[in-house]
Each structure stands twice: as C-alpha cells, then as structure tokens.
>>> print(open('model_14.txt').read())   # compact mmCIF, C-alpha atoms and all ligand atoms
# COMPACT_ATOMS: atom_id res chain seq x y z
CA MET A 25 37.71 -9.23 13.22
CA LEU A 26 40.96 -8.53 11.32
CA HIS A 27 42.32 -4.98 11.39
CA ALA A 28 45.53 -3.53 10.06
CA GLN A 29 46.26 -0.06 11.35
CA ASP A 30 49.01 1.80 9.48
CA LEU A 31 50.76 -1.56 9.32
CA THR A 32 54.27 -1.13 7.92
CA LYS A 33 57.16 -3.50 7.30
CA ARG A 34 60.70 -2.70 6.16
CA TYR A 35 63.27 -5.37 5.41
CA ASN A 36 66.75 -3.80 5.51
CA GLY A 37 65.48 -0.61 3.99
CA VAL A 38 63.06 -2.31 1.54
CA LEU A 39 59.55 -1.03 2.19
CA ALA A 40 57.58 -4.29 1.86
CA LEU A 41 54.36 -2.91 3.34
CA ASP A 42 53.51 0.76 3.55
CA ARG A 43 50.90 1.93 6.09
CA LEU A 44 48.28 -0.70 5.35
CA ASN A 45 44.80 -0.01 6.69
CA LEU A 46 42.41 -2.89 6.26
CA THR A 47 39.39 -4.40 7.96
CA VAL A 48 37.94 -7.86 7.39
CA ALA A 49 34.72 -8.55 9.29
CA GLY A 50 33.29 -11.98 10.11
CA GLY A 51 31.57 -13.41 7.03
CA GLU A 52 33.79 -11.45 4.63
CA ILE A 53 36.33 -12.92 2.24
CA PHE A 54 38.97 -10.32 1.43
CA CYS A 55 41.24 -11.27 -1.48
CA LEU A 56 44.59 -9.52 -1.74
CA LEU A 57 45.74 -9.25 -5.34
CA GLY A 58 48.94 -7.80 -6.76
CA GLY A 59 52.03 -8.62 -8.76
CA ASN A 60 55.14 -10.32 -7.40
CA GLY A 61 56.61 -8.42 -4.48
CA ALA A 62 53.48 -6.29 -3.94
CA GLY A 63 53.38 -7.09 -0.19
CA LYS A 64 50.64 -9.73 -0.01
CA THR A 65 52.57 -12.43 1.85
CA THR A 66 54.13 -9.82 4.13
CA THR A 67 50.61 -8.80 5.16
CA ILE A 68 49.70 -12.40 6.02
CA ASN A 69 53.02 -12.92 7.86
CA LEU A 70 52.41 -9.82 9.98
CA PHE A 71 48.91 -11.00 11.00
CA LEU A 72 50.44 -14.36 11.92
CA ASN A 73 53.20 -12.61 13.90
CA PHE A 74 55.77 -14.52 11.87
CA VAL A 75 57.57 -11.18 11.49
CA PRO A 76 57.28 -8.06 13.68
CA PRO A 77 55.92 -4.84 12.16
CA SER A 78 58.26 -1.88 11.73
CA SER A 79 55.33 0.30 12.80
CA GLY A 80 51.56 0.11 13.03
CA ARG A 81 49.46 -2.76 14.36
CA ALA A 82 47.79 -5.97 13.27
CA LEU A 83 44.74 -6.82 15.39
CA VAL A 84 42.69 -10.01 15.56
CA ASP A 85 39.43 -9.51 17.41
CA ASN A 86 41.00 -6.34 18.84
CA ILE A 87 43.97 -8.32 20.14
CA ASP A 88 47.35 -6.94 19.05
CA VAL A 89 49.18 -9.92 17.55
CA THR A 90 52.58 -8.60 18.68
CA ARG A 91 51.55 -7.85 22.28
CA ASN A 92 49.39 -10.91 22.89
CA PRO A 93 50.61 -13.48 20.37
CA LEU A 94 49.19 -16.58 22.08
CA GLU A 95 45.76 -15.09 22.59
CA ALA A 96 45.68 -13.85 18.98
CA LYS A 97 46.87 -17.21 17.67
CA ARG A 98 43.91 -18.97 19.30
CA GLN A 99 41.54 -17.02 17.05
CA ILE A 100 43.44 -17.71 13.83
CA ALA A 101 43.94 -20.60 11.45
CA TYR A 102 46.45 -20.47 8.63
CA ILE A 103 46.43 -22.31 5.32
CA PRO A 104 49.71 -21.89 3.43
CA GLU A 105 50.16 -22.84 -0.22
CA THR A 106 51.00 -26.37 0.91
CA VAL A 107 49.42 -27.47 4.17
CA MET A 108 52.06 -29.06 6.43
CA LEU A 109 50.83 -32.34 7.88
CA TYR A 110 52.50 -35.51 9.12
CA GLY A 111 52.77 -37.78 6.09
CA SER A 112 52.99 -40.98 8.11
CA LEU A 113 49.72 -40.23 9.96
CA SER A 114 46.20 -40.46 8.54
CA GLY A 115 44.02 -37.40 7.92
CA LEU A 116 42.05 -38.24 11.06
CA GLU A 117 45.22 -38.63 13.15
CA ASN A 118 46.54 -35.32 11.84
CA ILE A 119 43.39 -33.36 12.65
CA SER A 120 43.26 -35.03 16.06
CA TYR A 121 46.90 -34.15 16.79
CA PHE A 122 46.73 -30.51 15.66
CA THR A 123 43.35 -29.87 17.27
CA THR A 124 44.48 -31.30 20.60
CA LEU A 125 47.60 -29.12 20.38
CA ALA A 126 45.52 -26.00 19.74
CA LEU A 127 42.67 -26.63 22.18
CA GLY A 128 44.48 -28.54 24.91
CA VAL A 129 41.76 -31.21 24.86
CA LYS A 130 41.09 -34.04 22.45
CA ARG A 131 37.86 -33.77 20.44
CA PRO A 132 36.10 -37.11 19.81
CA ASP A 133 36.95 -38.85 16.53
CA ASP A 134 33.33 -38.85 15.33
CA GLU A 135 33.23 -35.04 15.57
CA LEU A 136 36.53 -34.76 13.71
CA LEU A 137 35.33 -37.16 11.01
CA GLU A 138 32.22 -35.04 10.60
CA LEU A 139 34.42 -31.94 10.08
CA LEU A 140 36.55 -33.79 7.53
CA ASP A 141 33.28 -34.73 5.78
CA GLN A 142 32.20 -31.08 5.80
CA ALA A 143 35.55 -30.13 4.30
CA GLY A 144 34.85 -32.58 1.47
CA LEU A 145 37.39 -35.29 2.32
CA ALA A 146 36.07 -38.74 1.36
CA ARG A 147 35.46 -40.86 4.47
CA GLU A 148 37.79 -43.66 3.39
CA ALA A 149 40.60 -41.16 2.75
CA ALA A 150 40.40 -39.97 6.37
CA PHE A 151 41.90 -43.29 7.48
CA LYS A 152 44.71 -43.29 4.88
CA ARG A 153 48.22 -41.91 5.30
CA VAL A 154 48.50 -38.23 4.35
CA GLY A 155 51.74 -39.04 2.48
CA GLY A 156 49.53 -40.24 -0.39
CA TYR A 157 47.19 -37.21 -0.39
CA SER A 158 46.94 -34.67 -3.20
CA LYS A 159 47.48 -30.98 -2.47
CA GLY A 160 43.71 -30.42 -2.55
CA MET A 161 43.12 -33.20 0.00
CA ARG A 162 45.74 -31.66 2.31
CA GLN A 163 43.93 -28.36 2.09
CA LYS A 164 40.67 -30.01 3.05
CA VAL A 165 42.35 -31.36 6.18
CA GLY A 166 43.75 -27.87 6.83
CA ILE A 167 40.28 -26.35 6.58
CA ALA A 168 38.81 -29.07 8.81
CA ILE A 169 41.52 -28.27 11.41
CA ALA A 170 40.53 -24.60 11.22
CA MET A 171 36.88 -25.53 11.85
CA ALA A 172 37.84 -27.93 14.68
CA LYS A 173 39.81 -25.12 16.35
CA ASN A 174 36.76 -22.86 16.05
CA ALA A 175 39.03 -20.30 14.43
CA ARG A 176 37.32 -16.94 13.94
CA ALA A 177 39.76 -15.77 11.29
CA LEU A 178 41.36 -17.69 8.47
CA LEU A 179 44.49 -16.55 6.64
CA LEU A 180 45.37 -18.19 3.34
CA ASP A 181 48.44 -17.63 1.18
CA GLU A 182 47.89 -18.57 -2.47
CA PRO A 183 45.68 -21.53 -1.53
CA THR A 184 44.71 -22.54 -5.06
CA SER A 185 48.14 -22.30 -6.64
CA GLY A 186 48.86 -25.65 -8.25
CA LEU A 187 45.32 -27.03 -7.80
CA ASP A 188 43.55 -28.42 -10.86
CA PRO A 189 40.35 -26.57 -11.86
CA GLN A 190 38.05 -29.07 -10.15
CA ALA A 191 40.01 -28.95 -6.89
CA ALA A 192 40.14 -25.14 -7.09
CA ASN A 193 36.38 -25.08 -7.59
CA GLU A 194 35.79 -27.37 -4.61
CA PHE A 195 38.07 -25.14 -2.59
CA ALA A 196 36.05 -22.06 -3.57
CA SER A 197 32.84 -23.79 -2.41
CA LEU A 198 34.48 -24.65 0.87
CA LEU A 199 35.38 -21.01 1.46
CA GLN A 200 31.74 -20.10 0.97
CA LYS A 201 30.80 -22.56 3.74
CA LEU A 202 33.32 -20.91 6.05
CA LYS A 203 31.98 -17.49 5.15
CA HIS A 204 28.55 -18.63 6.28
CA LYS A 205 30.06 -19.67 9.61
CA ASN A 206 30.92 -15.98 10.05
CA ILE A 207 34.67 -16.53 9.82
CA ALA A 208 36.75 -13.57 8.61
CA ILE A 209 38.88 -14.70 5.68
CA LEU A 210 41.96 -12.94 4.31
CA MET A 211 43.49 -14.59 1.29
CA THR A 212 46.32 -13.77 -1.11
CA THR A 213 45.93 -14.93 -4.67
CA HIS A 214 47.04 -14.34 -8.23
CA ASP A 215 43.76 -15.79 -9.45
CA LEU A 216 41.40 -12.98 -10.47
CA PHE A 217 38.67 -15.48 -11.27
CA LEU A 218 38.81 -17.00 -7.79
CA ALA A 219 38.83 -13.54 -6.23
CA LYS A 220 35.74 -12.50 -8.17
CA GLN A 221 34.01 -15.85 -7.66
CA THR A 222 34.60 -16.19 -3.90
CA GLY A 223 35.65 -12.84 -2.52
CA THR A 224 33.31 -10.33 -0.94
CA HIS A 225 36.10 -7.76 -1.31
CA VAL A 226 39.20 -7.44 -3.40
CA GLY A 227 42.22 -5.32 -2.50
CA ILE A 228 44.78 -4.55 -5.17
CA MET A 229 48.33 -3.93 -3.97
CA ARG A 230 51.41 -2.52 -5.65
CA SER A 231 54.84 -1.82 -4.16
CA GLY A 232 53.67 -2.42 -0.59
CA LYS A 233 50.63 -0.18 -0.87
CA LEU A 234 46.96 -1.11 -0.94
CA ILE A 235 45.93 0.97 -3.93
CA SER A 236 42.26 0.04 -4.29
CA THR A 237 39.58 -1.88 -2.40
CA LEU A 238 36.47 -3.02 -4.23
CA ALA A 239 33.34 -4.90 -3.25
CA THR A 240 33.11 -7.77 -5.75
CA VAL A 241 29.37 -7.19 -6.25
CA ASP A 242 30.24 -3.79 -7.69
CA VAL A 243 32.52 -5.04 -10.48
CA ASP A 244 32.19 -7.63 -13.22
CA SER A 245 35.12 -9.87 -14.13
CA THR A 246 36.17 -7.74 -17.11
CA ASP A 247 36.24 -4.56 -15.02
CA LEU A 248 38.18 -6.30 -12.28
CA GLU A 249 40.79 -7.49 -14.76
CA ARG A 250 41.06 -4.03 -16.31
CA ILE A 251 41.42 -2.31 -12.93
CA TYR A 252 43.95 -4.92 -11.79
CA LEU A 253 46.10 -4.52 -14.88
CA GLU A 254 45.88 -0.75 -14.70
CA ILE A 255 46.98 -0.69 -11.05
CA SER A 256 49.63 -3.35 -11.25
CA GLY A 257 51.12 -1.46 -14.17
CA SER A 258 51.24 -4.44 -16.50
CA ARG A 259 49.28 -2.67 -19.15
CA GLN A 260 48.37 0.93 -19.81
CA LEU A 261 44.74 1.63 -20.60
CA ALA A 262 44.01 2.62 -24.17
N1 LIG B 1 62.27 -12.01 4.55
C1 LIG B 1 62.48 -11.00 3.70
N2 LIG B 1 63.66 -10.35 3.67
C2 LIG B 1 63.87 -9.33 2.82
N3 LIG B 1 62.95 -8.85 1.96
C3 LIG B 1 61.75 -9.48 1.94
C4 LIG B 1 61.45 -10.58 2.80
N4 LIG B 1 60.17 -10.97 2.56
C5 LIG B 1 59.71 -10.17 1.59
N5 LIG B 1 60.64 -9.28 1.22
C6 LIG B 1 60.47 -8.22 0.20
O1 LIG B 1 59.29 -7.52 0.51
C7 LIG B 1 58.57 -7.18 -0.68
C8 LIG B 1 57.16 -7.78 -0.61
O2 LIG B 1 57.27 -9.20 -0.68
P1 LIG B 1 56.02 -10.17 -0.51
O3 LIG B 1 56.56 -11.55 -0.39
O4 LIG B 1 55.15 -9.69 0.60
O5 LIG B 1 55.26 -9.97 -1.89
P2 LIG B 1 54.04 -10.79 -2.52
O6 LIG B 1 53.03 -9.77 -2.95
O7 LIG B 1 53.58 -11.85 -1.60
O8 LIG B 1 54.73 -11.42 -3.81
P3 LIG B 1 54.51 -12.86 -4.53
O9 LIG B 1 53.24 -12.73 -5.32
O10 LIG B 1 55.71 -12.96 -5.42
O11 LIG B 1 54.47 -13.92 -3.48
C9 LIG B 1 59.41 -7.70 -1.83
O12 LIG B 1 60.22 -6.64 -2.29
C10 LIG B 1 60.25 -8.78 -1.19
O13 LIG B 1 61.47 -8.95 -1.87
>>> encode(input="model_14.txt", output="structure tokens", more="lines below")
Ligand SMILES: Nc1ncnc2c1ncn2[C@@H]1O[C@H](COP(=O)(O)OP(=O)(O)OP(=O)(O)O)[C@@H](O)[C@H]1O
Amino acid sequence: MLHAQDLTKRYNGVLALDRLNLTVAGGEIFCLLGGNGAGKTTTINLFLNFVPPSSGRALVDNIDVTRNPLEAKRQIAYIPETVMLYGSLSGLENISYFTTLALGVKRPDDELLELLDQAGLAREAAFKRVGGYSKGMRQKVGIAIAMAKNARALLLDEPTSGLDPQAANEFASLLQKLKHKNIAILMTTHDLFLAKQTGTHVGIMRSGKLISTLATVDVDSTDLERIYLEISGSRQLA
C-alpha cells in the first residue's frame, strides 16, 4: 500500500532523507524510530506531498503522490502530533465537516457517531465543543475521521507525544483496531515501548538513512532497545 522507492530529500544541501526504500502493506504498522533529525518527519511529509522529493518516489496504492496528488490524498489520512480541529464545533460537527470535505457527500450523523464510539470517544463528548477536548480526545476524532474517509493508509507523526500513559495505551489499542481493518499504518515515534507493543515492523533511522528494519515478533523489548541505541549512536555496546 505504501512504497518508498529510493526516496530522497535535500534541503539546501542537507541530506534529510537518503534513498529510502520501504513498503508498508495493509494490516501492517510500521514504526519509524530514530534520534532527532534522523529523517522520520521528512518521510511522512514526502508521503503526504507536503514537500517534493529531490529524487525517488513515494507511492500510495501504486499512485505516485507527486504526479497524482489528489488521487493519492483520497487514500490517506494523517494524524499529526496535535490533530487540528475547529475548537468552536463539537466532535460530531468536526467529523461531519471533514468527512464531507473529503468524500464530497455528507455521511449520516448516526454513522459518524458510531465511528466516534469505535474510536473510543464518549458519546456525550461527541456533542461538546472540541475547544475543551484533551489531546487524546482530539486524536480519537482524528482516527474516526480516517475511518469515515475509508482511508487505506494512515500516517502518524509522534501521535503519543504528550499523552498520559492511559491515553497512550488507549491509542495503542485503537491502532490495533485499524490494523485489523487492513489499513497500512506508518508512524514516527520516539517511544520504543509503543513501537514494540503496537508495531508489526520497526525501522531505525539515522542521518536520513533507514539502517535496520525488524519484525517486532523477532525481537524482545531489551533487544530492540539495545539495537536502537547501537544504531542511533547514543551508546556503544560493551
Ligand atoms: N523544512 C526544512 N528545511 C531545512 N531543513 C530541514 C527541513 N525539515 C527538516 N530539515 C532537516 O532535515 C533533517 C531531518 O529532519 P526530520 O524533521 O525529518 O527529522 P526527525 O527524524 O523527524 O527528527 P525529530 O525526531 O527531531 O522530529 C534534519 O537535519 C532537519 O534539520
């Protein structure tokens, strides 16, 4: 579903991403790990066509995001660190607005309420102004919007940063639900525990390069931490 082919990005001579090759199939959760400046957000921004590649391609369902941006965008939902919603509207009004914008037709409120339920938003909260929502509640609305759009790929940039442990745990469970809907998920995170807990695959980046890709079933948490620290150069192995 998501493919990077020799995907490369330079910013004024800075090599932010260096020939990335990556595949995320439907039902997979690929977690990009790496220190500050490793190239994680650049990868997400290239898939979203927020920035053009210097060379190589980002494909969503075999659609080149640079050549066919609108078609590619229909397949994708994006959850940034803080989900941008209209604070003066309720959760239900927000999902209705953004879904209508994406699909060109309005989905009935009862269907949207059901999706907010599935995303774990309390029913009474759906009718309250988003201005009073916590970060975790905003993310639930963001995920419900992704489901309402029938997005086939979900891109997330540090989604659990700033969430309390309970909210982060709820979020991890929600990702599992999406995985079972066969959505391809690409997520950046600094949270090794989340990556091990929710990811099917983990990619460790350094200086714009994807250094290692692991299936999470093949590593335990201690090994993952050791490999991460070794690659990111924070600690030399004894
Ligand atoms: N808009 C930009 N203009 C210039 N350089 C940029 C821009 N965006 C990113 N970079 C550079 O590209 C490199 C990769 O940055 P990127 O934001 O992708 O890293 P990251 O892995 O997401 O880091 P972090 O964990 O700190 O968010 C860094 O050297 C960064 O300074």
>>> closest_residue(input="model_14.txt", among="A:Asp30, A:Glu182, A:Asp141, A:Asp88", to="Asn73 in chain A", atoms="only C-alpha atoms")
A:Asp88
>>> closest_residue(input="model_14.txt", among="A:Gly186, A:Gly111, A:Gly51, A:Gly59", to="ligand LIG 1 (chain B)", atoms="all atoms listed in the file")
A:Gly59
>>> residues_around(input="model_14.txt", residues="Met171 in chain A", least_positions_apart="4", cutoff="10 Å", atoms="all atoms listed in the file", output="count of residues only")
16
>>> atom_distance(input="model_14.txt", atom1="CA of Arg162 in chain A", atom2="CA of Leu94 in chain A")
25.1 Å
>>> residues_near_ligand(input="model_14.txt", ligand="ligand LIG 1 (chain B)", cutoff="9 Å", atoms="only C-alpha atoms and all ligand atoms", output="ChimeraX atom specification")
/A:33-41,56-69,75,181-182,212-214,229-232
>>> closest_residue(input="model_14.txt", among="A:Leu234, A:Ile53, A:Leu187, A:Ala28", to="Leu83 in chain A", atoms="only C-alpha atoms")
A:Ala28
>>> closest_residue(input="model_14.txt", among="A:Lys164, A:His27, A:Arg81, A:Lys159", to="Leu46 in chain A", atoms="all atoms listed in the file")
A:His27
>>> closest_residue(input="model_14.txt", among="A:Ile169, A:Ala208, A:Leu127, A:Val241", to="Ala49 in chain A", atoms="all atoms listed in the file")
A:Ala208
>>> residues_around(input="model_14.txt", residues="Ser245 in chain A", least_positions_apart="6", cutoff="10 Å", atoms="all atoms listed in the file", output="JSON, numbers by chain")
{"A": [216, 217, 219, 220, 221, 251]}
>>> closest_residue(input="model_14.txt", among="A:Pro76, A:Gly115, A:Gly227, A:Pro93", to="Gly156 in chain A", atoms="all atoms listed in the file")
A:Gly115
>>> atom_distance(input="model_14.txt", atom1="CA of Leu116 in chain A", atom2="CA of Leu199 in chain A")
20.8 Å
>>> residues_around(input="model_14.txt", residues="Phe122 in chain A", least_positions_apart="5", cutoff="10 Å", atoms="only C-alpha atoms", output="PyMOL selection string")
chain A and resi 109+117+127-128+130+166+169-170+172-173
>>> atom_distance(input="model_14.txt", atom1="CA of Ile100 in chain A", atom2="CA of Asp188 in chain A")
26.9 Å
>>> decode(input="model_14.txt", residues="range 76-89 of chain A", atoms="all heavy atoms", output="compact mmCIF listing (two decimals), in the first residue's frame")
# COMPACT_ATOMS: atom_id res chain seq x y z
N PRO A 76 8.19 18.25 -2.02
CA PRO A 76 8.51 17.38 -3.16
C PRO A 76 9.81 16.62 -2.91
O PRO A 76 10.71 17.16 -2.25
CB PRO A 76 8.68 18.39 -4.32
CG PRO A 76 9.12 19.65 -3.65
CD PRO A 76 8.53 19.65 -2.26
N PRO A 77 9.93 15.40 -3.45
CA PRO A 77 11.20 14.68 -3.29
C PRO A 77 12.28 15.31 -4.17
O PRO A 77 11.96 15.90 -5.20
CB PRO A 77 10.86 13.26 -3.76
CG PRO A 77 9.68 13.39 -4.65
CD PRO A 77 8.93 14.62 -4.21
N SER A 78 13.53 15.17 -3.77
CA SER A 78 14.63 15.58 -4.64
C SER A 78 14.84 14.52 -5.72
O SER A 78 15.19 14.83 -6.86
CB SER A 78 15.91 15.76 -3.83
OG SER A 78 15.69 16.69 -2.79
N SER A 79 14.64 13.26 -5.34
CA SER A 79 14.61 12.16 -6.32
C SER A 79 13.90 10.98 -5.67
O SER A 79 13.62 10.99 -4.47
CB SER A 79 16.03 11.77 -6.75
OG SER A 79 16.78 11.38 -5.63
N GLY A 80 13.58 9.99 -6.49
CA GLY A 80 12.84 8.83 -6.00
C GLY A 80 11.35 9.12 -5.95
O GLY A 80 10.89 10.20 -6.34
N ARG A 81 10.60 8.10 -5.46
CA ARG A 81 9.13 8.22 -5.50
C ARG A 81 8.50 7.74 -4.20
O ARG A 81 8.99 6.81 -3.55
CB ARG A 81 8.56 7.36 -6.63
CG ARG A 81 9.12 7.71 -7.98
CD ARG A 81 8.28 7.16 -9.10
NE ARG A 81 8.17 5.70 -9.09
CZ ARG A 81 7.27 5.03 -9.80
NH1 ARG A 81 6.39 5.66 -10.56
NH2 ARG A 81 7.23 3.72 -9.75
N ALA A 82 7.38 8.37 -3.86
CA ALA A 82 6.52 7.87 -2.78
C ALA A 82 5.21 7.45 -3.44
O ALA A 82 4.59 8.24 -4.16
CB ALA A 82 6.27 8.96 -1.75
N LEU A 83 4.81 6.21 -3.22
CA LEU A 83 3.60 5.67 -3.85
C LEU A 83 2.59 5.26 -2.79
O LEU A 83 2.96 4.67 -1.76
CB LEU A 83 3.94 4.44 -4.69
CG LEU A 83 5.01 4.59 -5.76
CD1 LEU A 83 5.39 3.22 -6.33
CD2 LEU A 83 4.52 5.48 -6.89
N VAL A 84 1.33 5.57 -3.04
CA VAL A 84 0.24 5.10 -2.19
C VAL A 84 -0.69 4.29 -3.09
O VAL A 84 -1.25 4.85 -4.04
CB VAL A 84 -0.54 6.28 -1.57
CG1 VAL A 84 -1.66 5.78 -0.68
CG2 VAL A 84 0.40 7.18 -0.78
N ASP A 85 -0.82 3.02 -2.80
CA ASP A 85 -1.60 2.13 -3.67
C ASP A 85 -1.14 2.29 -5.13
O ASP A 85 -1.98 2.43 -6.04
CB ASP A 85 -3.09 2.47 -3.52
CG ASP A 85 -3.97 1.30 -3.99
OD1 ASP A 85 -3.43 0.19 -4.15
OD2 ASP A 85 -5.17 1.52 -4.19
N ASN A 86 0.14 2.30 -5.31
CA ASN A 86 0.77 2.45 -6.64
C ASN A 86 0.52 3.79 -7.31
O ASN A 86 0.78 3.95 -8.50
CB ASN A 86 0.36 1.31 -7.59
CG ASN A 86 1.05 0.03 -7.21
OD1 ASN A 86 2.23 0.06 -6.84
ND2 ASN A 86 0.34 -1.07 -7.26
N ILE A 87 -0.01 4.76 -6.57
CA ILE A 87 -0.21 6.10 -7.12
C ILE A 87 0.95 6.97 -6.65
O ILE A 87 1.22 7.05 -5.44
CB ILE A 87 -1.54 6.70 -6.62
CG1 ILE A 87 -2.71 5.81 -7.01
CG2 ILE A 87 -1.73 8.13 -7.14
CD1 ILE A 87 -3.97 6.08 -6.20
N ASP A 88 1.63 7.61 -7.59
CA ASP A 88 2.75 8.50 -7.24
C ASP A 88 2.17 9.77 -6.63
O ASP A 88 1.39 10.47 -7.26
CB ASP A 88 3.53 8.81 -8.52
CG ASP A 88 4.78 9.63 -8.25
OD1 ASP A 88 4.72 10.56 -7.43
OD2 ASP A 88 5.82 9.33 -8.88
N VAL A 89 2.55 10.07 -5.39
CA VAL A 89 1.92 11.19 -4.67
C VAL A 89 2.27 12.55 -5.29
O VAL A 89 1.54 13.52 -5.09
CB VAL A 89 2.27 11.20 -3.16
CG1 VAL A 89 1.90 9.89 -2.50
CG2 VAL A 89 3.72 11.54 -2.91
